[in-house]
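Here's the structure, in structure tokens; my notes come after.
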Amino acid sequence: MKHRPERMSELIRETIAAAMLRELELPGELVTVTEVESSKDLEYAKVKVSILPHTAEEAVMSALQKLTGHFQHLLIKKLNLKPIPHISFVLDEGPERAAIIEKDLLEIEKENPLLPPPL
């Protein structure tokens with residue numbers, strides 16, 4: 001039973017990602033469900049999303065917050081498991097941070113050509 005939160009997180013990620021592809025109409029925006037973190041007691045789940053372009057983040061997050069009840073209902077119908085965690089959408093800033101770090105490393109490499117290249 002100790003792997004149940006991980007399995008539940010993966011099921012939630014797959015179900016919400018598929019529903020977003022089918023039901024969410026966001027012309028010009030790319031929304032990706034990157035990860036779902038469930039609490040150990042499976043009461044809550046944070047759905048992390050990545051949004052491109054970054055200028056659309058506020059509008060897309062607002063739309064997702066309004067549709068939280070719809071996605072919750074969809075999980076109840078599709079997964080047929082009890083308990084279904086209460087979901088909340090949060091912005092995943094991991095890819096953006098990785099790009100900034102990579103850019104900084106490239107600048108350091110240009111300034112110091114004798115340093116070995118980053119891994």
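In the structure tokens, each chain is lettered A, B, ... as it comes, each chain's residues begin at 1, and ligands are numbered from 1 in order of appearance.
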
Distance query Leu67 in chain A at most 12 Å, only C-alpha atoms, self and fewer than 4 positions along chain excluded, as JSON, numbers by chain: {"A": [16, 19, 20, 23, 24, 60, 61, 62, 63, 71, 72, 73, 74, 87, 88, 89]}

DSSP strand (DSSP E or B) selection over range 2-118 of chain A, as a list in words: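 DSSP-assigned strand (DSSP E or B) residues in range 2-118 of chain A: Leu30, Val31, Thr32, Val33, Thr34, Glu35, Val36, Glu37, Ser38, Tyr44, Ala45, Lys46, Val47, Lys48, Val49, Ser50, Ile51, Leu52, His86, Ile87, Ser88, Phe89, Val90 and Leu91 of chain A.
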
Atom pair CA of Glu29 in chain A / CA of Leu75 in chain A: separation (Å):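 Atom-to-atom, CA of Glu29 in chain A to CA of Leu75 in chain A, that is 23.8 Å.
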
Shell of 7 Å around range 44-59 of chain A, only C-alpha atoms, local chain residues under 6 positions omitted, as an NGL selection string: :A and (29-38 or 85-92)

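Separating CA of Met8 in chain A from CA of Ala98 in chain A is a distance of 27.2 Å.
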